[in-house]
>>> print(open('structure09.cif').read())   # mmCIF, C-alpha atoms
data_coords
#
loop_
_atom_site.label_atom_id
_atom_site.label_comp_id
_atom_site.auth_asym_id
_atom_site.auth_seq_id
_atom_site.Cartn_x
_atom_site.Cartn_y
_atom_site.Cartn_z
CA MET G 927 0.00 0.00 0.00
CA LEU G 928 1.29 3.44 -0.96
CA LYS G 929 0.96 6.17 1.65
CA ALA G 930 0.56 9.52 -0.07
CA LEU G 931 0.97 13.22 0.62
CA LEU G 932 -0.76 15.69 -1.73
CA VAL G 933 1.06 19.01 -2.10
CA ASP G 934 -0.73 21.79 -4.01
CA ASP G 935 -1.50 25.41 -3.14
CA GLU G 936 -5.01 25.09 -4.61
CA GLN G 937 -7.51 23.36 -2.33
CA LYS G 938 -9.69 22.43 -5.30
CA SER G 939 -6.77 20.56 -6.88
CA ARG G 940 -5.92 18.73 -3.65
CA LEU G 941 -9.49 17.61 -3.06
CA GLY G 942 -9.98 16.67 -6.71
CA LEU G 943 -6.86 14.49 -6.69
CA GLN G 944 -7.88 12.93 -3.38
CA LYS G 945 -11.24 11.98 -4.91
CA LEU G 946 -9.61 10.48 -8.00
CA LEU G 947 -7.23 8.41 -5.88
CA SER G 948 -10.10 7.22 -3.69
CA ASN G 949 -12.19 6.19 -6.70
CA TYR G 950 -9.55 4.71 -9.00
CA CYS G 951 -6.40 3.89 -7.01
CA PRO G 952 -7.26 1.54 -4.13
CA ASN G 953 -3.53 0.90 -3.60
CA VAL G 954 -3.08 4.49 -2.39
CA GLU G 955 -3.98 5.83 1.05
CA VAL G 956 -3.80 9.61 1.44
CA LEU G 957 -2.17 10.39 4.80
CA GLY G 958 -2.05 14.15 4.43
CA MET G 959 -2.36 17.27 2.32
CA ALA G 960 -0.29 20.44 2.23
CA ALA G 961 -0.76 23.85 0.59
CA SER G 962 2.93 24.78 0.55
CA VAL G 963 6.44 23.36 0.68
CA ASP G 964 6.78 24.36 4.33
CA GLU G 965 3.55 22.56 5.23
CA ALA G 966 4.73 19.54 3.27
CA MET G 967 7.99 19.42 5.24
CA VAL G 968 6.01 19.38 8.49
CA GLN G 969 3.79 16.56 7.19
CA LEU G 970 6.79 14.51 6.05
CA ILE G 971 8.40 14.83 9.47
CA LYS G 972 5.13 13.98 11.21
CA GLU G 973 4.07 11.07 8.97
CA LYS G 974 7.09 8.78 8.63
CA ASP G 975 5.07 6.25 6.60
CA ILE G 976 4.62 8.58 3.59
CA ASN G 977 6.29 6.96 0.60
CA LEU G 978 4.63 8.80 -2.29
CA VAL G 979 4.30 12.55 -2.83
CA PHE G 980 2.11 14.18 -5.45
CA LEU G 981 3.93 17.47 -5.86
CA ASP G 982 2.76 20.63 -7.60
CA ILE G 983 5.58 22.63 -9.18
CA GLU G 984 4.33 26.20 -9.40
CA MET G 985 3.37 27.39 -5.92
CA PRO G 986 3.64 30.78 -4.19
CA GLY G 987 6.73 31.22 -2.03
CA LYS G 988 8.64 28.04 -2.82
CA SER G 989 8.27 25.82 -5.86
CA GLY G 990 7.89 22.07 -5.60
CA PHE G 991 11.54 21.72 -6.58
CA GLU G 992 12.54 23.37 -3.32
CA LEU G 993 11.03 20.39 -1.50
CA ILE G 994 13.03 18.01 -3.70
CA LYS G 995 16.28 19.86 -3.03
CA ALA G 996 15.76 19.47 0.72
CA PHE G 997 16.38 15.71 0.48
CA GLU G 998 19.67 14.22 -0.65
CA LYS G 999 18.09 10.77 -0.83
CA PRO G 1000 14.31 11.11 -0.50
CA PRO G 1001 12.55 8.22 1.30
CA PHE G 1002 9.57 8.67 -1.00
CA ARG G 1003 8.76 8.65 -4.71
CA VAL G 1004 7.51 11.78 -6.41
CA ILE G 1005 4.82 12.23 -9.03
CA PHE G 1006 4.86 15.84 -10.18
CA THR G 1007 1.58 17.58 -10.97
CA THR G 1008 1.55 20.79 -12.97
CA ALA G 1009 -0.48 22.91 -15.37
CA TYR G 1010 2.71 24.26 -16.94
CA ASP G 1011 4.23 22.21 -19.79
CA GLN G 1012 7.45 24.24 -19.82
CA TYR G 1013 11.14 23.81 -18.94
CA ALA G 1014 10.37 22.18 -15.59
CA VAL G 1015 8.50 19.39 -17.32
CA LYS G 1016 11.38 19.01 -19.77
CA ALA G 1017 13.77 18.45 -16.86
CA ILE G 1018 11.42 15.85 -15.39
CA ARG G 1019 11.08 14.08 -18.75
CA MET G 1020 14.84 13.94 -19.19
CA SER G 1021 15.13 12.32 -15.76
CA ALA G 1022 12.35 9.79 -16.51
CA LEU G 1023 10.42 10.81 -13.39
CA ASP G 1024 6.65 10.75 -13.50
CA TYR G 1025 4.52 13.82 -13.99
CA LEU G 1026 0.83 14.52 -14.55
CA LEU G 1027 -0.37 17.54 -16.48
CA LYS G 1028 -3.49 19.23 -15.13
CA PRO G 1029 -6.31 18.52 -15.61
CA ILE G 1030 -5.29 15.03 -14.53
CA HIS G 1031 -6.58 12.17 -16.67
CA ILE G 1032 -7.69 9.03 -14.88
CA GLN G 1033 -5.70 6.52 -16.95
CA GLU G 1034 -2.51 8.58 -16.67
CA LEU G 1035 -2.98 8.75 -12.90
CA ILE G 1036 -3.52 5.00 -12.61
CA SER G 1037 -0.46 4.34 -14.78
CA ALA G 1038 1.77 6.66 -12.73
CA VAL G 1039 0.61 5.15 -9.43
CA ASN G 1040 1.12 1.58 -10.64
CA LYS G 1041 4.60 2.46 -11.88
CA ALA G 1042 5.43 4.03 -8.52
CA GLU G 1043 4.32 0.87 -6.73
CA GLN G 1044 6.26 -1.46 -9.04
CA HIS G 1045 9.51 0.48 -8.95
CA PHE G 1046 9.47 1.91 -5.45
CA HIS G 1047 12.55 0.02 -4.34
CA ASN G 1048 14.38 0.35 -7.66
CA GLN G 1049 17.82 1.91 -7.14
CA LEU G 1050 17.56 3.51 -10.58
CA TYR G 1051 15.01 5.90 -9.12
CA ALA G 1052 17.73 7.43 -6.95
CA GLU G 1053 19.90 7.96 -10.03
CA SER G 1054 16.97 9.54 -11.88
CA TYR G 1055 16.41 11.85 -8.95
CA SER G 1056 20.09 12.81 -8.99
CA HIS G 1057 19.90 13.64 -12.70
CA LEU G 1058 16.82 15.78 -12.13
CA LEU G 1059 18.69 17.90 -9.58
CA GLN G 1060 21.62 18.20 -11.98
CA ASN G 1061 19.35 19.27 -14.85
CA LEU G 1062 17.68 21.87 -12.64
CA LYS G 1063 21.01 23.29 -11.46
CA ASN G 1064 22.44 23.43 -14.98
CA PRO G 1065 19.53 23.94 -17.40
CA ASN G 1066 21.83 24.99 -20.24
CA GLN G 1067 24.44 22.24 -19.95
CA PRO G 1068 25.55 21.23 -23.47
CA ASN G 1069 25.43 17.46 -23.01
CA PRO G 1070 23.02 16.40 -20.27
CA LYS G 1071 22.33 12.80 -19.35
CA ILE G 1072 18.90 11.49 -20.24
CA ALA G 1073 17.07 8.56 -18.62
CA LEU G 1074 15.32 6.30 -21.12
CA PRO G 1075 12.47 4.18 -19.73
CA THR G 1076 12.36 0.65 -21.14
CA GLN G 1077 10.42 -2.49 -20.22
CA ASP G 1078 13.40 -3.65 -18.16
CA GLY G 1079 13.99 -0.38 -16.29
CA LEU G 1080 16.03 2.69 -17.21
CA ILE G 1081 19.02 3.22 -19.47
CA PHE G 1082 21.08 6.38 -19.04
CA LEU G 1083 22.74 8.03 -22.05
CA THR G 1084 24.27 11.42 -22.67
CA VAL G 1085 22.50 13.36 -25.40
CA ASP G 1086 25.52 13.26 -27.72
CA GLN G 1087 25.43 9.45 -27.74
CA ILE G 1088 22.04 9.42 -29.48
CA VAL G 1089 22.26 9.18 -33.28
CA ARG G 1090 18.56 9.10 -34.12
CA CYS G 1091 15.09 8.25 -32.83
CA GLU G 1092 12.41 6.38 -34.75
CA ALA G 1093 8.71 6.15 -33.89
CA ASP G 1094 7.32 2.69 -33.15
CA GLY G 1095 3.69 3.18 -32.14
CA ASN G 1096 3.63 4.37 -28.53
CA TYR G 1097 7.33 3.53 -28.27
CA THR G 1098 10.49 4.99 -29.75
CA LYS G 1099 13.51 3.14 -31.08
CA ILE G 1100 16.67 4.89 -29.95
CA VAL G 1101 19.80 4.27 -32.03
CA TYR G 1102 22.95 5.30 -30.21
CA SER G 1103 26.73 4.75 -30.17
CA GLU G 1104 28.05 1.99 -32.45
CA SER G 1105 24.55 1.31 -33.87
CA LYS G 1106 23.19 -0.04 -30.59
CA GLN G 1107 19.42 0.12 -30.17
CA ILE G 1108 16.89 0.25 -27.36
CA LEU G 1109 13.11 0.56 -27.36
CA ALA G 1110 12.00 3.37 -25.04
CA SER G 1111 8.46 3.44 -23.67
CA ARG G 1112 7.71 6.99 -24.74
CA LYS G 1113 6.37 8.54 -27.93
CA LEU G 1114 8.66 10.26 -30.41
CA LYS G 1115 7.01 13.63 -29.76
CA GLU G 1116 8.29 13.58 -26.19
CA PHE G 1117 11.84 13.00 -27.38
CA GLU G 1118 11.44 15.82 -29.88
CA ASN G 1119 10.41 18.17 -27.06
CA MET G 1120 13.39 17.09 -24.97
CA LEU G 1121 16.05 17.10 -27.66
CA GLU G 1122 15.20 19.80 -30.20
CA SER G 1123 17.42 22.33 -28.42
CA TYR G 1124 20.39 19.91 -28.59
CA ASN G 1125 20.84 19.93 -32.39
CA PHE G 1126 18.11 17.37 -33.14
CA PHE G 1127 15.67 17.84 -36.00
CA ARG G 1128 12.37 16.09 -36.81
CA VAL G 1129 12.85 15.28 -40.51
CA HIS G 1130 9.78 13.07 -40.81
CA HIS G 1131 6.77 12.20 -38.67
CA SER G 1132 8.59 8.98 -37.77
CA HIS G 1133 12.18 10.21 -37.52
CA LEU G 1134 14.18 12.55 -35.28
CA ILE G 1135 17.89 12.84 -36.08
CA ASN G 1136 20.96 14.24 -34.36
CA LEU G 1137 22.44 16.66 -36.88
CA SER G 1138 25.87 16.11 -35.35
CA TYR G 1139 25.77 12.61 -36.91
CA LEU G 1140 24.63 13.79 -40.35
CA GLN G 1141 27.14 12.65 -42.99
CA ALA G 1142 25.48 13.75 -46.22
CA TYR G 1143 22.28 15.01 -47.78
CA LYS G 1144 20.98 13.41 -50.99
CA LYS G 1145 18.71 15.51 -53.18
CA GLY G 1146 15.26 14.24 -54.05
CA GLU G 1147 11.57 15.08 -53.67
CA GLY G 1148 12.17 15.59 -50.00
CA GLY G 1149 15.71 14.37 -49.92
CA THR G 1150 17.52 11.83 -47.79
CA ALA G 1151 19.66 12.29 -44.68
CA VAL G 1152 22.63 9.94 -44.62
CA MET G 1153 23.79 9.29 -41.07
CA LEU G 1154 27.22 8.25 -39.82
CA ASP G 1155 25.83 4.88 -38.72
CA GLY G 1156 25.03 4.13 -42.36
CA SER G 1157 21.28 4.65 -42.12
CA GLU G 1158 19.44 6.71 -44.72
CA ILE G 1159 16.42 8.65 -43.49
CA ALA G 1160 13.83 10.03 -45.90
CA ILE G 1161 12.96 13.67 -45.33
CA SER G 1162 9.32 14.61 -45.79
CA ARG G 1163 8.54 17.19 -48.48
CA ARG G 1164 7.02 19.60 -45.99
CA LYS G 1165 10.17 19.44 -43.84
CA LYS G 1166 12.65 19.89 -46.71
CA ASP G 1167 12.89 23.70 -46.72
CA SER G 1168 13.19 24.04 -42.95
CA PHE G 1169 15.73 21.20 -42.90
CA LEU G 1170 17.94 22.86 -45.55
CA GLU G 1171 17.61 26.17 -43.75
CA ARG G 1172 18.75 24.49 -40.55
CA LEU G 1173 21.75 22.96 -42.34
CA ASN G 1174 22.84 26.42 -43.47
CA LYS G 1175 23.08 27.44 -39.81
CA ILE G 1176 25.36 24.57 -38.79
#
>>> encode(input="structure09.cif", output="structure tokens")
Amino acid sequence: MLKALLVDDEQKSRLGLQKLLSNYCPNVEVLGMAASVDEAMVQLIKEKDINLVFLDIEMPGKSGFELIKAFEKPPFRVIFTTAYDQYAVKAIRMSALDYLLKPIHIQELISAVNKAEQHFHNQLYAESYSHLLQNLKNPNQPNPKIALPTQDGLIFLTVDQIVRCEADGNYTKIVYSESKQILASRKLKEFENMLESYNFFRVHHSHLINLSYLQAYKKGEGGTAVMLDGSEIAISRRKKDSFLERLNKI
């Protein structure tokens, strides 16, 4: 049984989440609620059994990240909740930590809770947490480490190791150093959002490439990107002009 603390400055959000958990997540017992980081700290000291925190990011006074920074090795898992799909969410995505965008959807909540229960004792969570803190401290670092969720757990790669990403339904095939491959349990769009500022370009609805590994461009209707791993990726016609414009800036 997961013992939860709900941290959100809006009472409506706290009560709404409590109701959803009560109705759809019988493996979660809510032990407390807090309207601020300071209140949350008091609750965490008082309730030693809390092992799951639903944490809002944008709150008056101190953000949810201030609570995270207070623990070197947190004795609880965190599921972030936020209405802001901005840099903070990008940092969370890159660390493979769970987050829920408001308004919270029932199936996404159930999935996040089940994942928390399954992986609560996984040591990789501690490493993910460490990477989150690093990403928050250095948001503009040129080569951050990214946590890739797979069916077997997490794989950690630096961004410059990734050659290209290919959509595979709700999954993404990641091709990295020396033509190695893994299947990550996230959609390609999420990787595009994470990596576009690190010299990656979406050349096709199914392909995202690292321009640092581009070896040649072959002319054609849309053209073809030839990568250093030997792969040839078709470029969609509607992406051709923006792709060539991007190449001129390299």
>>> resolve_selection(input="structure09.cif", expression="the PyMOL selection byres ((chain G and resi 1002-1012) around 6)", output="list of chain:residue names")
G:Asn977, G:Leu978, G:Val979, G:Phe980, G:Leu981, G:Asp982, G:Ile983, G:Pro1000, G:Pro1001, G:Tyr1013, G:Ala1014, G:Val1015, G:Asp1024, G:Tyr1025, G:Leu1026, G:Leu1027, G:Lys1028
>>> write_last_selection(input="structure09.cif", atoms="C-alpha atoms", output="PDB file, in the frame of the given file")
ATOM      1  CA  ASN G 977       6.290   6.960   0.600  1.00  0.00           C
ATOM      2  CA  LEU G 978       4.630   8.800  -2.290  1.00  0.00           C
ATOM      3  CA  VAL G 979       4.300  12.550  -2.830  1.00  0.00           C
ATOM      4  CA  PHE G 980       2.110  14.180  -5.450  1.00  0.00           C
ATOM      5  CA  LEU G 981       3.930  17.470  -5.860  1.00  0.00           C
ATOM      6  CA  ASP G 982       2.760  20.630  -7.600  1.00  0.00           C
ATOM      7  CA  ILE G 983       5.580  22.630  -9.180  1.00  0.00           C
ATOM      8  CA  PRO G1000      14.310  11.110  -0.500  1.00  0.00           C
ATOM      9  CA  PRO G1001      12.550   8.220   1.300  1.00  0.00           C
ATOM     10  CA  TYR G1013      11.140  23.810 -18.940  1.00  0.00           C
ATOM     11  CA  ALA G1014      10.370  22.180 -15.590  1.00  0.00           C
ATOM     12  CA  VAL G1015       8.500  19.390 -17.320  1.00  0.00           C
ATOM     13  CA  ASP G1024       6.650  10.750 -13.500  1.00  0.00           C
ATOM     14  CA  TYR G1025       4.520  13.820 -13.990  1.00  0.00           C
ATOM     15  CA  LEU G1026       0.830  14.520 -14.550  1.00  0.00           C
ATOM     16  CA  LEU G1027      -0.370  17.540 -16.480  1.00  0.00           C
ATOM     17  CA  LYS G1028      -3.490  19.230 -15.130  1.00  0.00           C
TER      18      LYS G1028
END
>>> residues_near_point(input="structure09.cif", point="(8.2, 16.2, -47.5)", cutoff="9 Å", atoms="only C-alpha atoms", output="ChimeraX atom specification")
/G:1129-1130,1147-1149,1160-1167
>>> atom_distance(input="structure09.cif", atom1="CA of Met927 (chain G)", atom2="CA of Ala966 (chain G)")
20.4 Å
>>> resolve_selection(input="structure09.cif", expression="the PyMOL selection byres ((chain G and resi 932) around 7)", output="list in words")
Ala930, Leu931, Val933, Asp934, Arg940, Gly958, Met959, Ala960, Val979, Phe980 and Leu981 of chain G
>>> atom_distance(input="structure09.cif", atom1="CA of Leu1154 (chain G)", atom2="CA of Val1101 (chain G)")
11.5 Å
>>> decode(input="structure09.cif", residues="region 1029-1130 of chain G", atoms="C-alpha atoms", output="mmCIF file, in the first residue's frame")
data_model
loop_
_atom_site.group_PDB
_atom_site.id
_atom_site.type_symbol
_atom_site.label_atom_id
_atom_site.label_comp_id
_atom_site.auth_asym_id
_atom_site.auth_seq_id
_atom_site.Cartn_x
_atom_site.Cartn_y
_atom_site.Cartn_z
ATOM 1 C CA PRO G 1029 -6.309 18.519 -15.607
ATOM 2 C CA ILE G 1030 -5.294 15.034 -14.527
ATOM 3 C CA HIS G 1031 -6.581 12.167 -16.670
ATOM 4 C CA ILE G 1032 -7.685 9.026 -14.875
ATOM 5 C CA GLN G 1033 -5.700 6.524 -16.951
ATOM 6 C CA GLU G 1034 -2.508 8.579 -16.665
ATOM 7 C CA LEU G 1035 -2.980 8.750 -12.900
ATOM 8 C CA ILE G 1036 -3.521 4.998 -12.614
ATOM 9 C CA SER G 1037 -0.461 4.335 -14.776
ATOM 10 C CA ALA G 1038 1.773 6.660 -12.730
ATOM 11 C CA VAL G 1039 0.605 5.154 -9.429
ATOM 12 C CA ASN G 1040 1.121 1.577 -10.640
ATOM 13 C CA LYS G 1041 4.596 2.464 -11.876
ATOM 14 C CA ALA G 1042 5.434 4.026 -8.520
ATOM 15 C CA GLU G 1043 4.320 0.873 -6.735
ATOM 16 C CA GLN G 1044 6.258 -1.458 -9.043
ATOM 17 C CA HIS G 1045 9.505 0.485 -8.951
ATOM 18 C CA PHE G 1046 9.470 1.906 -5.450
ATOM 19 C CA HIS G 1047 12.550 0.016 -4.343
ATOM 20 C CA ASN G 1048 14.378 0.351 -7.661
ATOM 21 C CA GLN G 1049 17.822 1.909 -7.145
ATOM 22 C CA LEU G 1050 17.564 3.507 -10.583
ATOM 23 C CA TYR G 1051 15.007 5.901 -9.122
ATOM 24 C CA ALA G 1052 17.733 7.430 -6.945
ATOM 25 C CA GLU G 1053 19.896 7.959 -10.035
ATOM 26 C CA SER G 1054 16.966 9.544 -11.882
ATOM 27 C CA TYR G 1055 16.409 11.849 -8.950
ATOM 28 C CA SER G 1056 20.089 12.812 -8.988
ATOM 29 C CA HIS G 1057 19.901 13.641 -12.699
ATOM 30 C CA LEU G 1058 16.817 15.784 -12.131
ATOM 31 C CA LEU G 1059 18.689 17.896 -9.581
ATOM 32 C CA GLN G 1060 21.617 18.202 -11.985
ATOM 33 C CA ASN G 1061 19.349 19.272 -14.850
ATOM 34 C CA LEU G 1062 17.685 21.868 -12.644
ATOM 35 C CA LYS G 1063 21.011 23.287 -11.460
ATOM 36 C CA ASN G 1064 22.443 23.434 -14.980
ATOM 37 C CA PRO G 1065 19.528 23.942 -17.397
ATOM 38 C CA ASN G 1066 21.834 24.990 -20.242
ATOM 39 C CA GLN G 1067 24.441 22.240 -19.948
ATOM 40 C CA PRO G 1068 25.553 21.232 -23.474
ATOM 41 C CA ASN G 1069 25.430 17.461 -23.013
ATOM 42 C CA PRO G 1070 23.024 16.400 -20.270
ATOM 43 C CA LYS G 1071 22.331 12.803 -19.350
ATOM 44 C CA ILE G 1072 18.895 11.491 -20.241
ATOM 45 C CA ALA G 1073 17.069 8.563 -18.617
ATOM 46 C CA LEU G 1074 15.324 6.304 -21.118
ATOM 47 C CA PRO G 1075 12.470 4.182 -19.734
ATOM 48 C CA THR G 1076 12.360 0.649 -21.140
ATOM 49 C CA GLN G 1077 10.420 -2.485 -20.215
ATOM 50 C CA ASP G 1078 13.396 -3.649 -18.159
ATOM 51 C CA GLY G 1079 13.993 -0.379 -16.292
ATOM 52 C CA LEU G 1080 16.035 2.687 -17.209
ATOM 53 C CA ILE G 1081 19.021 3.225 -19.469
ATOM 54 C CA PHE G 1082 21.084 6.380 -19.040
ATOM 55 C CA LEU G 1083 22.743 8.027 -22.048
ATOM 56 C CA THR G 1084 24.272 11.420 -22.670
ATOM 57 C CA VAL G 1085 22.501 13.363 -25.403
ATOM 58 C CA ASP G 1086 25.523 13.264 -27.719
ATOM 59 C CA GLN G 1087 25.428 9.446 -27.739
ATOM 60 C CA ILE G 1088 22.038 9.415 -29.483
ATOM 61 C CA VAL G 1089 22.256 9.181 -33.283
ATOM 62 C CA ARG G 1090 18.557 9.104 -34.117
ATOM 63 C CA CYS G 1091 15.088 8.252 -32.829
ATOM 64 C CA GLU G 1092 12.406 6.376 -34.746
ATOM 65 C CA ALA G 1093 8.713 6.153 -33.886
ATOM 66 C CA ASP G 1094 7.319 2.692 -33.154
ATOM 67 C CA GLY G 1095 3.688 3.180 -32.137
ATOM 68 C CA ASN G 1096 3.626 4.373 -28.535
ATOM 69 C CA TYR G 1097 7.326 3.532 -28.268
ATOM 70 C CA THR G 1098 10.492 4.995 -29.752
ATOM 71 C CA LYS G 1099 13.513 3.138 -31.083
ATOM 72 C CA ILE G 1100 16.674 4.888 -29.947
ATOM 73 C CA VAL G 1101 19.799 4.267 -32.030
ATOM 74 C CA TYR G 1102 22.953 5.299 -30.206
ATOM 75 C CA SER G 1103 26.729 4.750 -30.169
ATOM 76 C CA GLU G 1104 28.046 1.991 -32.453
ATOM 77 C CA SER G 1105 24.546 1.307 -33.874
ATOM 78 C CA LYS G 1106 23.192 -0.038 -30.586
ATOM 79 C CA GLN G 1107 19.416 0.124 -30.174
ATOM 80 C CA ILE G 1108 16.888 0.247 -27.363
ATOM 81 C CA LEU G 1109 13.109 0.562 -27.356
ATOM 82 C CA ALA G 1110 12.002 3.366 -25.041
ATOM 83 C CA SER G 1111 8.458 3.436 -23.673
ATOM 84 C CA ARG G 1112 7.708 6.994 -24.745
ATOM 85 C CA LYS G 1113 6.370 8.538 -27.927
ATOM 86 C CA LEU G 1114 8.662 10.259 -30.415
ATOM 87 C CA LYS G 1115 7.008 13.635 -29.759
ATOM 88 C CA GLU G 1116 8.290 13.578 -26.189
ATOM 89 C CA PHE G 1117 11.842 13.005 -27.375
ATOM 90 C CA GLU G 1118 11.439 15.818 -29.882
ATOM 91 C CA ASN G 1119 10.406 18.174 -27.064
ATOM 92 C CA MET G 1120 13.387 17.090 -24.970
ATOM 93 C CA LEU G 1121 16.052 17.097 -27.662
ATOM 94 C CA GLU G 1122 15.201 19.797 -30.198
ATOM 95 C CA SER G 1123 17.423 22.330 -28.420
ATOM 96 C CA TYR G 1124 20.390 19.909 -28.594
ATOM 97 C CA ASN G 1125 20.845 19.931 -32.389
ATOM 98 C CA PHE G 1126 18.114 17.371 -33.136
ATOM 99 C CA PHE G 1127 15.673 17.836 -36.002
ATOM 100 C CA ARG G 1128 12.371 16.087 -36.806
ATOM 101 C CA VAL G 1129 12.852 15.279 -40.514
ATOM 102 C CA HIS G 1130 9.783 13.070 -40.810
#
